[in-house]
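Enquirer: Dropping in run_37.csv, which is CSV, C-alpha atoms and all ligand atoms:
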chain,number,residue,atom,x,y,z
Y,1,MET,CA,97.8,-4.7,-44.2
Y,2,ALA,CA,95.5,-2.4,-46.2
Y,3,SER,CA,94.0,0.7,-44.7
Y,4,ARG,CA,90.6,-0.8,-43.8
Y,5,GLU,CA,92.3,-3.8,-42.2
Y,6,PHE,CA,94.4,-1.2,-40.2
Y,7,SER,CA,91.3,0.7,-38.9
Y,8,LEU,CA,89.6,-2.6,-37.9
Y,9,ILE,CA,92.6,-3.7,-35.9
Y,10,ASP,CA,93.1,-0.2,-34.4
Y,11,ASN,CA,89.5,0.0,-33.4
Y,12,TYR,CA,89.0,-3.4,-31.8
Y,13,PHE,CA,92.4,-4.9,-30.9
Y,14,LYS,CA,95.4,-2.6,-30.8
Y,15,GLY,CA,96.5,-1.7,-27.3
Y,16,LYS,CA,93.5,-3.5,-25.8
Y,17,GLY,CA,93.8,-5.8,-22.8
Y,18,HIS,CA,96.8,-6.4,-20.6
Y,19,GLN,CA,100.1,-5.1,-22.0
Y,20,ARG,CA,103.1,-7.2,-21.0
Y,21,LYS,CA,106.5,-5.5,-20.4
Y,22,ASP,CA,108.3,-8.0,-22.7
Y,23,VAL,CA,106.3,-6.9,-25.8
Y,24,VAL,CA,108.9,-4.6,-27.5
Y,25,LEU,CA,106.7,-4.0,-30.5
Y,26,GLY,CA,103.0,-5.0,-30.6
Y,27,ILE,CA,100.4,-4.7,-33.3
Y,28,GLY,CA,101.1,-2.5,-36.3
Y,29,ASP,CA,104.4,-3.6,-38.0
Y,30,ASP,CA,105.3,-6.6,-40.2
Y,31,CYS,CA,106.0,-8.7,-37.0
Y,32,ALA,CA,105.5,-8.4,-33.3
Y,33,LEU,CA,108.8,-8.3,-31.4
Y,34,LEU,CA,109.0,-10.1,-28.1
Y,35,SER,CA,111.9,-9.9,-25.7
Y,36,VAL,CA,113.2,-13.4,-24.9
Y,37,ASN,CA,116.2,-12.3,-23.0
Y,38,ASP,CA,118.6,-9.3,-22.9
Y,39,ASN,CA,120.2,-10.2,-26.2
Y,40,THR,CA,117.4,-11.7,-28.4
Y,41,LEU,CA,114.0,-10.6,-29.8
Y,42,LEU,CA,111.5,-13.1,-31.1
Y,43,ALA,CA,109.8,-11.9,-34.3
Y,44,VAL,CA,106.3,-13.3,-34.8
Y,45,THR,CA,103.9,-12.9,-37.8
Y,46,THR,CA,100.7,-14.5,-39.0
Y,47,ASP,CA,99.2,-14.3,-42.4
Y,48,THR,CA,96.1,-16.0,-43.8
Y,49,LEU,CA,95.6,-16.8,-47.5
Y,50,VAL,CA,91.9,-17.4,-48.4
Y,51,SER,CA,90.8,-19.1,-51.6
Y,52,GLY,CA,89.2,-16.6,-54.0
Y,53,VAL,CA,90.6,-13.6,-52.0
Y,54,HIS,CA,94.4,-14.0,-51.8
Y,55,PHE,CA,94.7,-16.7,-54.5
Y,56,LEU,CA,92.6,-17.9,-57.4
Y,57,ALA,CA,90.4,-20.9,-56.5
Y,58,ASP,CA,92.0,-23.1,-59.2
Y,59,MET,CA,95.6,-22.1,-58.3
Y,60,ASP,CA,98.2,-24.8,-58.5
Y,61,PRO,CA,98.5,-26.3,-54.9
Y,62,ARG,CA,102.3,-26.1,-55.2
Y,63,ALA,CA,102.0,-22.3,-55.7
Y,64,ILE,CA,99.5,-22.0,-52.8
Y,65,GLY,CA,102.0,-23.8,-50.5
Y,66,HIS,CA,105.0,-21.9,-51.7
Y,67,LYS,CA,103.2,-18.5,-51.5
Y,68,ALA,CA,101.7,-19.1,-48.0
Y,69,VAL,CA,105.2,-19.8,-46.6
Y,70,ALA,CA,106.9,-17.1,-48.6
Y,71,VAL,CA,104.6,-14.2,-47.6
Y,72,ASN,CA,105.2,-15.0,-43.9
Y,73,LEU,CA,108.9,-15.3,-44.3
Y,74,SER,CA,108.8,-12.0,-46.2
Y,75,ASP,CA,107.4,-10.3,-43.0
Y,76,LEU,CA,110.3,-11.7,-41.1
Y,77,ALA,CA,112.7,-10.3,-43.8
Y,78,ALA,CA,111.1,-6.9,-43.4
Y,79,MET,CA,112.1,-6.9,-39.7
Y,80,GLY,CA,115.7,-8.1,-40.4
Y,81,ALA,CA,114.9,-11.4,-38.6
Y,82,ASP,CA,116.7,-14.8,-38.9
Y,83,GLN,CA,113.9,-17.2,-39.9
Y,84,ALA,CA,113.4,-20.2,-37.6
Y,85,TRP,CA,110.0,-21.8,-37.1
Y,86,LEU,CA,106.6,-22.2,-38.8
Y,87,SER,CA,103.1,-23.3,-37.7
Y,88,LEU,CA,100.5,-24.1,-40.3
Y,89,ALA,CA,96.7,-24.1,-39.9
Y,90,LEU,CA,95.0,-25.6,-42.9
Y,91,THR,CA,91.3,-25.5,-43.6
Y,92,LEU,CA,90.2,-27.8,-46.5
Y,93,PRO,CA,86.8,-28.6,-48.1
Y,94,ASP,CA,87.8,-32.2,-48.5
Y,95,ALA,CA,90.8,-34.5,-48.1
Y,96,ASN,CA,92.2,-34.7,-51.7
Y,97,ASP,CA,95.4,-36.7,-51.5
Y,98,LYS,CA,96.9,-35.4,-54.8
Y,99,TRP,CA,96.2,-31.7,-53.8
Y,100,LEU,CA,97.6,-32.3,-50.3
Y,101,ALA,CA,100.7,-34.0,-51.5
Y,102,GLU,CA,101.5,-31.2,-53.9
Y,103,PHE,CA,100.7,-28.4,-51.3
Y,104,ALA,CA,102.6,-30.1,-48.5
Y,105,GLY,CA,105.6,-30.8,-50.9
Y,106,ALA,CA,105.8,-27.1,-51.7
Y,107,VAL,CA,105.6,-26.0,-48.0
Y,108,ILE,CA,108.4,-28.4,-47.0
Y,109,GLU,CA,110.5,-27.4,-50.0
Y,110,VAL,CA,110.4,-23.8,-49.1
Y,111,CYS,CA,111.1,-24.6,-45.4
Y,112,ASP,CA,114.1,-26.7,-46.4
Y,113,TYR,CA,115.4,-24.0,-48.7
Y,114,TYR,CA,115.4,-21.4,-46.0
Y,115,GLY,CA,116.3,-23.7,-43.1
Y,116,VAL,CA,112.9,-23.3,-41.4
Y,117,THR,CA,111.3,-26.1,-39.3
Y,118,LEU,CA,107.5,-26.7,-39.3
Y,119,VAL,CA,106.7,-27.2,-35.7
Y,120,GLY,CA,103.0,-27.4,-35.4
Y,121,GLY,CA,99.6,-26.4,-36.6
Y,122,ASP,CA,96.0,-27.6,-37.1
Y,123,THR,CA,93.7,-29.0,-39.8
Y,124,THR,CA,90.0,-28.4,-40.1
Y,125,ARG,CA,87.3,-28.9,-42.7
Y,126,GLY,CA,85.8,-25.9,-44.4
Y,127,PRO,CA,86.4,-23.4,-47.3
Y,128,LEU,CA,90.1,-23.6,-48.4
Y,129,SER,CA,92.3,-21.2,-46.4
Y,130,VAL,CA,95.9,-21.4,-45.2
Y,131,THR,CA,97.1,-19.6,-42.0
Y,132,ILE,CA,100.8,-19.6,-41.2
Y,133,THR,CA,102.6,-18.2,-38.2
Y,134,ALA,CA,106.3,-17.7,-38.8
Y,135,GLN,CA,108.8,-16.9,-36.1
Y,136,GLY,CA,112.4,-15.8,-36.2
Y,137,LYS,CA,115.1,-14.2,-34.0
Y,138,ILE,CA,116.8,-10.8,-34.1
Y,139,PRO,CA,119.7,-9.5,-31.9
Y,140,ALA,CA,118.1,-7.0,-29.6
Y,141,GLY,CA,118.3,-3.4,-30.9
Y,142,LYS,CA,119.0,-4.5,-34.5
Y,143,GLN,CA,115.4,-4.8,-35.6
Y,144,LEU,CA,114.1,-2.9,-38.6
Y,145,THR,CA,110.7,-1.2,-38.1
Y,146,ARG,CA,108.5,1.1,-40.1
Y,147,SER,CA,109.0,4.0,-37.8
Y,148,GLY,CA,112.7,4.9,-38.0
Y,149,ALA,CA,112.8,6.9,-41.3
Y,150,LYS,CA,113.9,10.6,-41.3
Y,151,PRO,CA,113.6,13.4,-43.9
Y,152,GLY,CA,116.6,13.2,-46.2
Y,153,ASP,CA,116.8,9.4,-46.0
Y,154,TRP,CA,117.0,7.6,-49.3
Y,155,LEU,CA,114.3,5.2,-50.4
Y,156,TYR,CA,115.2,1.8,-51.8
Y,157,VAL,CA,113.5,-1.3,-53.1
Y,158,THR,CA,115.0,-4.8,-53.8
Y,159,GLY,CA,114.3,-6.6,-57.1
Y,160,SER,CA,111.8,-5.4,-59.6
Y,161,LEU,CA,108.2,-4.2,-59.0
Y,162,GLY,CA,104.9,-4.8,-60.7
Y,163,ASP,CA,105.6,-8.3,-62.1
Y,164,ALA,CA,103.4,-10.1,-59.7
Y,165,GLY,CA,100.4,-7.8,-60.3
Y,166,LEU,CA,100.7,-8.3,-64.0
Y,167,GLY,CA,101.1,-12.0,-63.5
Y,168,LEU,CA,97.7,-12.1,-61.7
Y,169,ALA,CA,96.2,-10.0,-64.5
Y,170,LEU,CA,97.5,-12.6,-67.0
Y,171,LEU,CA,96.0,-15.5,-65.0
Y,172,GLN,CA,92.6,-13.6,-64.9
Y,173,GLY,CA,92.7,-13.0,-68.6
Y,174,ARG,CA,92.8,-9.2,-68.1
Y,175,GLU,CA,96.1,-8.8,-70.0
Y,176,GLU,CA,98.0,-10.8,-72.6
Y,177,ALA,CA,101.7,-11.4,-73.0
Y,178,SER,CA,104.1,-13.3,-75.1
Y,179,SER,CA,104.7,-16.9,-73.9
Y,180,ASP,CA,108.2,-16.2,-72.4
Y,181,HIS,CA,107.1,-13.1,-70.6
Y,182,ARG,CA,103.9,-14.8,-69.5
Y,183,GLU,CA,105.7,-17.6,-67.7
Y,184,TYR,CA,108.1,-15.2,-65.9
Y,185,LEU,CA,105.3,-12.9,-64.8
Y,186,ILE,CA,103.0,-15.7,-63.6
Y,187,ASN,CA,105.9,-17.3,-61.6
Y,188,ARG,CA,106.5,-13.9,-60.0
Y,189,HIS,CA,102.9,-13.9,-58.8
Y,190,CYS,CA,102.8,-17.6,-57.7
Y,191,TYR,CA,106.3,-18.1,-56.4
Y,192,PRO,CA,107.4,-14.9,-54.6
Y,193,THR,CA,110.9,-14.8,-53.1
Y,194,PRO,CA,111.2,-13.6,-49.5
Y,195,ARG,CA,114.2,-11.3,-49.2
Y,196,LEU,CA,115.6,-12.8,-46.0
Y,197,LEU,CA,119.3,-12.4,-46.6
Y,198,ALA,CA,118.7,-8.8,-47.7
Y,199,GLY,CA,116.6,-8.0,-44.6
Y,200,GLN,CA,119.3,-9.4,-42.4
Y,201,ALA,CA,122.0,-7.5,-44.3
Y,202,LEU,CA,120.1,-4.3,-43.7
Y,203,ARG,CA,120.4,-4.5,-39.9
Y,204,GLY,CA,122.4,-1.5,-38.8
Y,205,VAL,CA,122.1,0.0,-42.3
Y,206,ALA,CA,118.5,0.8,-43.0
Y,207,SER,CA,116.5,3.3,-40.9
Y,208,SER,CA,113.1,1.6,-41.7
Y,209,ALA,CA,111.8,-1.3,-43.7
Y,210,ILE,CA,108.6,-3.0,-44.8
Y,211,ASP,CA,107.8,-5.7,-47.4
Y,212,ILE,CA,105.8,-4.8,-50.4
Y,213,SER,CA,102.6,-6.8,-50.2
Y,214,ASP,CA,100.0,-4.2,-51.2
Y,215,GLY,CA,101.9,-2.2,-53.7
Y,216,LEU,CA,104.7,0.4,-53.3
Y,217,ALA,CA,102.4,3.4,-52.8
Y,218,SER,CA,100.4,1.7,-50.0
Y,219,ASP,CA,103.3,0.2,-48.2
Y,220,LEU,CA,105.4,3.3,-48.5
Y,221,GLY,CA,102.4,5.1,-46.9
Y,222,HIS,CA,102.8,2.8,-43.9
Y,223,ILE,CA,106.4,3.9,-43.4
Y,224,LEU,CA,105.5,7.6,-43.9
Y,225,LYS,CA,102.7,7.4,-41.4
Y,226,ALA,CA,104.8,5.5,-38.8
Y,227,SER,CA,107.8,7.8,-39.4
Y,228,HIS,CA,105.9,11.1,-39.7
Y,229,CYS,CA,107.5,11.9,-43.1
Y,230,GLY,CA,106.6,12.6,-46.7
Y,231,ALA,CA,108.4,11.3,-49.7
Y,232,ASN,CA,109.4,12.2,-53.3
Y,233,LEU,CA,109.1,9.1,-55.5
Y,234,PHE,CA,111.1,9.0,-58.7
Y,235,LEU,CA,109.0,7.2,-61.3
Y,236,ASP,CA,111.9,7.1,-63.8
Y,237,LYS,CA,114.0,5.1,-61.2
Y,238,LEU,CA,111.4,2.3,-60.6
Y,239,PRO,CA,112.9,-1.1,-61.3
Y,240,LEU,CA,110.7,-2.5,-64.0
Y,241,SER,CA,111.4,-5.8,-65.6
Y,242,GLN,CA,111.8,-6.3,-69.4
Y,243,ALA,CA,108.8,-8.6,-69.1
Y,244,LEU,CA,106.6,-5.9,-67.6
Y,245,LEU,CA,107.8,-3.2,-70.0
Y,246,GLY,CA,107.5,-5.6,-73.0
Y,247,THR,CA,103.9,-6.3,-72.1
Y,248,VAL,CA,102.2,-3.0,-71.0
Y,249,SER,CA,102.7,0.7,-71.5
Y,250,LEU,CA,105.1,2.6,-69.3
Y,251,GLU,CA,102.2,4.3,-67.5
Y,252,ALA,CA,100.5,1.0,-66.9
Y,253,ALA,CA,103.8,-0.5,-65.7
Y,254,TRP,CA,103.9,2.4,-63.1
Y,255,HIS,CA,100.5,1.5,-61.9
Y,256,TYR,CA,101.4,-2.2,-61.6
Y,257,ALA,CA,104.5,-1.3,-59.6
Y,258,LEU,CA,102.8,1.2,-57.4
Y,259,GLY,CA,99.4,-0.3,-56.8
Y,260,ALA,CA,99.1,-4.0,-57.7
Y,261,GLY,CA,101.0,-5.6,-54.8
Y,262,ASP,CA,102.1,-9.2,-54.2
Y,263,ASP,CA,105.8,-8.4,-55.2
Y,264,TYR,CA,107.2,-9.2,-51.7
Y,265,GLU,CA,110.2,-7.1,-52.3
Y,266,LEU,CA,111.6,-5.0,-49.5
Y,267,LEU,CA,111.1,-1.3,-49.3
Y,268,PHE,CA,113.5,0.5,-47.0
Y,269,THR,CA,115.1,3.8,-46.1
Y,270,VAL,CA,118.8,4.5,-45.7
Y,271,PRO,CA,120.4,7.6,-44.2
Y,272,GLU,CA,122.9,9.4,-46.6
Y,273,ALA,CA,125.8,8.3,-44.4
Y,274,GLN,CA,124.9,4.6,-44.8
Y,275,LYS,CA,124.7,4.5,-48.6
Y,276,GLY,CA,128.1,3.1,-49.0
Y,277,ALA,CA,127.5,0.5,-46.3
Y,278,LEU,CA,124.3,-0.5,-48.1
Y,279,ASP,CA,125.9,-1.2,-51.4
Y,280,THR,CA,128.5,-3.4,-49.6
Y,281,ALA,CA,125.9,-5.2,-47.5
Y,282,LEU,CA,123.6,-6.1,-50.4
Y,283,ALA,CA,126.4,-7.0,-52.8
Y,284,HIS,CA,127.3,-9.8,-50.4
Y,285,CYS,CA,123.9,-11.4,-50.8
Y,286,GLY,CA,123.5,-10.8,-54.5
Y,287,VAL,CA,120.2,-8.9,-54.3
Y,288,LYS,CA,119.6,-6.0,-56.8
Y,289,HIS,CA,118.5,-2.8,-55.2
Y,290,SER,CA,117.3,0.5,-56.6
Y,291,CYS,CA,117.1,4.0,-55.1
Y,292,VAL,CA,113.5,5.1,-56.0
Y,293,GLY,CA,113.1,8.3,-53.9
Y,294,GLN,CA,113.9,10.4,-50.9
Y,295,LEU,CA,112.0,11.2,-47.7
Y,296,ARG,CA,111.1,14.8,-46.9
Y,297,GLY,CA,109.1,16.6,-44.3
Y,298,GLY,CA,105.4,16.9,-44.5
Y,299,GLU,CA,103.2,14.0,-45.5
Y,300,GLY,CA,102.1,11.9,-48.5
Y,301,ILE,CA,103.9,10.9,-51.7
Y,302,SER,CA,104.8,13.2,-54.5
Y,303,TYR,CA,105.4,11.5,-57.9
Y,304,LEU,CA,108.2,12.8,-60.1
Y,305,ASN,CA,109.3,11.7,-63.6
Y,306,HIS,CA,112.7,13.0,-64.6
Y,307,GLY,CA,112.2,15.8,-62.0
Y,308,GLN,CA,108.8,16.8,-63.3
Y,309,THR,CA,105.8,16.4,-61.0
Y,310,VAL,CA,103.3,13.8,-62.3
Y,311,ASP,CA,99.7,13.7,-61.1
Y,312,LEU,CA,99.0,10.0,-60.4
Y,313,ASN,CA,96.0,8.4,-58.6
Y,314,VAL,CA,97.3,5.1,-57.3
Y,315,CYS,CA,95.0,2.7,-55.6
Y,316,GLY,CA,96.6,0.0,-53.4
Y,317,TYR,CA,95.3,-3.5,-52.9
Y,318,GLU,CA,92.4,-3.5,-50.4
Y,319,HIS,CA,91.8,-6.8,-48.7
Y,320,ASN,CA,88.4,-8.2,-49.4
Y,321,TRP,CA,86.1,-8.2,-46.3
Y,322,SER,CA,82.9,-9.5,-48.0
D,401,MG,MG,104.4,-7.0,-44.4
Reformat the file's structure so that it appears as structure tokens.

Expert:
Amino acid sequence: MASREFSLIDNYFKGKGHQRKDVVLGIGDDCALLSVNDNTLLAVTTDTLVSGVHFLADMDPRAIGHKAVAVNLSDLAAMGADQAWLSLALTLPDANDKWLAEFAGAVIEVCDYYGVTLVGGDTTRGPLSVTITAQGKIPAGKQLTRSGAKPGDWLYVTGSLGDAGLGLALLQGREEASSDHREYLINRHCYPTPRLLAGQALRGVASSAIDISDGLASDLGHILKASHCGANLFLDKLPLSQALLGTVSLEAAWHYALGAGDDYELLFTVPEAQKGALDTALAHCGVKHSCVGQLRGGEGISYLNHGQTVDLNVCGYEHNWS
């Protein structure tokens, strides 16, 4: 959620109305956590993708279907949840069989891949938008949240950053790339990979976690705010793909990594004592991870390049409310 989305939810919805005792974590993290019994938490998240806001109006229906499921599963990953169920609410301007077949095929394919069952939903007529609710389970006490980070903890990300943002810029004709880089970057935008295995492996290892939907700077800001910390971010340690570095300047690559969003990698913190356990846990699921900074007292993000302070003005993705 971007900052404006946060203030809207804080002002009108957060903490309002009856508060049940079985709500372990309500509004304000990647998922709500609901106590089912003494041993199990239910993790629940809802995300809407709107045509022209979250995806280009002419985007391949397979990509829309894939992305809609993947971004919801990514929120489950950010809590360390085991993915289980999906509901789909689909608003369509007209019933186009070819479009629907491709969209539905992609939804089902991602569900099959991750062992998730589509259990319900709704269809209505109107401007194209896709709303998905994903649910998963977590052993009680093992959840990852945004609020557990402490000064001294190390900051990590999975995968590489900035590819999806550059992929969008290529689709919009704002950048140009060689054909092999172009395909990789656009695929990273259209077909994000939810880091479910990594999220589950981080239970008991990471002190906080979030998925990177709005750019590293913005999403790190959420961890810092929830954990009452500041952070030093090491620009020279950012995992930047060959495709990104082969297409734009290093400084532009930093901006794509920090501000563009849509990467759906995990951003998490690990106490010094857990660094060895982290390498073992993530090696088992074959996910690359990079240490990109360290938490400190105070607030805000300080950017360092090879130990030298860099003055960067990074703007995260702001959801469109027009
Ligand atoms: Mg999230």

Enquirer: What's the separation between CA of Glu299 in chain Y and CA of Gly141 in chain Y, in Å to one decimal place?

Expert: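 Between these atoms lies a distance of 27.3 Å.
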
Enquirer: Within 8 Å of range 159-174 of chain Y, counting only C-alpha atoms, which residues qualify if same-chain residues fewer than 2 places away don't, as a PyMOL selection string?

Expert: chain Y and resi 157+176-177+182+185-190+238-241+243-244+253-258+260-263+265+287-290

Enquirer: Nearest residue to Gly204 in chain Y out of Y:His18, Y:His66, Y:Lys275, Y:Lys142, using only C-alpha atoms?

Expert: Y:Lys142

Enquirer: Do you know which residues are within 9 Å of ligand MG 401 (chain D) using only C-alpha atoms and all ligand atoms? Can you write them as an MDAnalysis selection string?

Expert: chainID Y and resid 1 29:31 45 71:72 74:78 210:214 219 264

Enquirer: Need the shell around Lys237 in chain Y: protein/DNA/RNA residues with any atom at most 9 Å away, counting all atoms listed in the file. Skip same-chain ones fewer than 6 positions apart. Format as a VMD selection string?

Expert: chain Y and resid 290 to 293 305 to 306

Enquirer: Once you have the residues from the selection above, write them out as an mmCIF file, in the coordinates of the input, restricted to C-alpha atoms.

Expert:
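This went into again14.cif:
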data_model
loop_
_atom_site.group_PDB
_atom_site.id
_atom_site.type_symbol
_atom_site.label_atom_id
_atom_site.label_comp_id
_atom_site.auth_asym_id
_atom_site.auth_seq_id
_atom_site.Cartn_x
_atom_site.Cartn_y
_atom_site.Cartn_z
ATOM 1 C CA SER Y 290 117.300 0.500 -56.600
ATOM 2 C CA CYS Y 291 117.100 4.000 -55.100
ATOM 3 C CA VAL Y 292 113.500 5.100 -56.000
ATOM 4 C CA GLY Y 293 113.100 8.300 -53.900
ATOM 5 C CA ASN Y 305 109.300 11.700 -63.600
ATOM 6 C CA HIS Y 306 112.700 13.000 -64.600
#

Enquirer: Do a neighbour search on Gly80 in chain Y at 6 Å with all atoms listed in the file, toss out local chain neighbours closer than 4 positions, and write the hits as JSON, numbers by chain.

Expert: {"Y": [143, 144, 199, 200, 203]}

Enquirer: Need the shell around Leu42 in chain Y: protein/DNA/RNA residues with any atom at most 8 Å away, counting all atoms listed in the file. Skip same-chain ones fewer than 3 positions apart. Format as a PyMOL selection string?

Expert: chain Y and resi 32-36+135-138

Enquirer: Since fewer atoms than expected are present, regenerate N, CA and C atoms for range 135-150 of chain Y and write them as a tab-separated table (two decimals), keeping the file's coordinate frame.

Expert:
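Done, and the output landed in out18.tsv:
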chain	number	residue	atom	x	y	z
Y	135	GLN	N	108.07	-17.53	-37.16
Y	135	GLN	CA	108.80	-16.90	-36.10
Y	135	GLN	C	110.32	-16.91	-36.40
Y	136	GLY	N	110.99	-15.86	-35.96
Y	136	GLY	CA	112.40	-15.80	-36.20
Y	136	GLY	C	113.06	-14.98	-35.06
Y	137	LYS	N	114.37	-14.84	-35.12
Y	137	LYS	CA	115.10	-14.20	-34.00
Y	137	LYS	C	115.90	-12.99	-34.57
Y	138	ILE	N	116.03	-11.98	-33.72
Y	138	ILE	CA	116.80	-10.80	-34.10
Y	138	ILE	C	117.65	-10.40	-32.85
Y	139	PRO	N	118.93	-10.06	-33.07
Y	139	PRO	CA	119.70	-9.50	-31.90
Y	139	PRO	C	119.00	-8.24	-31.44
Y	140	ALA	N	118.81	-8.13	-30.13
Y	140	ALA	CA	118.10	-7.00	-29.60
Y	140	ALA	C	118.73	-5.67	-30.01
Y	141	GLY	N	117.89	-4.75	-30.43
Y	141	GLY	CA	118.30	-3.40	-30.90
Y	141	GLY	C	118.64	-3.36	-32.36
Y	142	LYS	N	118.67	-4.51	-33.05
Y	142	LYS	CA	119.00	-4.50	-34.50
Y	142	LYS	C	117.79	-4.62	-35.39
Y	143	GLN	N	116.59	-4.61	-34.80
Y	143	GLN	CA	115.40	-4.80	-35.60
Y	143	GLN	C	115.13	-3.62	-36.55
Y	144	LEU	N	114.53	-3.94	-37.70
Y	144	LEU	CA	114.10	-2.90	-38.60
Y	144	LEU	C	112.59	-2.73	-38.43
Y	145	THR	N	112.15	-1.49	-38.30
Y	145	THR	CA	110.70	-1.20	-38.10
Y	145	THR	C	110.28	-0.19	-39.16
Y	146	ARG	N	108.99	0.13	-39.14
Y	146	ARG	CA	108.50	1.10	-40.10
Y	146	ARG	C	108.69	2.54	-39.62
Y	147	SER	N	109.11	2.71	-38.38
Y	147	SER	CA	109.00	4.00	-37.80
Y	147	SER	C	110.35	4.80	-37.68
Y	148	GLY	N	111.43	4.27	-38.25
Y	148	GLY	CA	112.70	4.90	-38.00
Y	148	GLY	C	113.18	5.88	-39.12
Y	149	ALA	N	112.38	6.07	-40.17
Y	149	ALA	CA	112.80	6.90	-41.30
Y	149	ALA	C	112.82	8.38	-40.93
Y	150	LYS	N	113.76	9.14	-41.53
Y	150	LYS	CA	113.90	10.60	-41.30
Y	150	LYS	C	113.89	11.33	-42.62
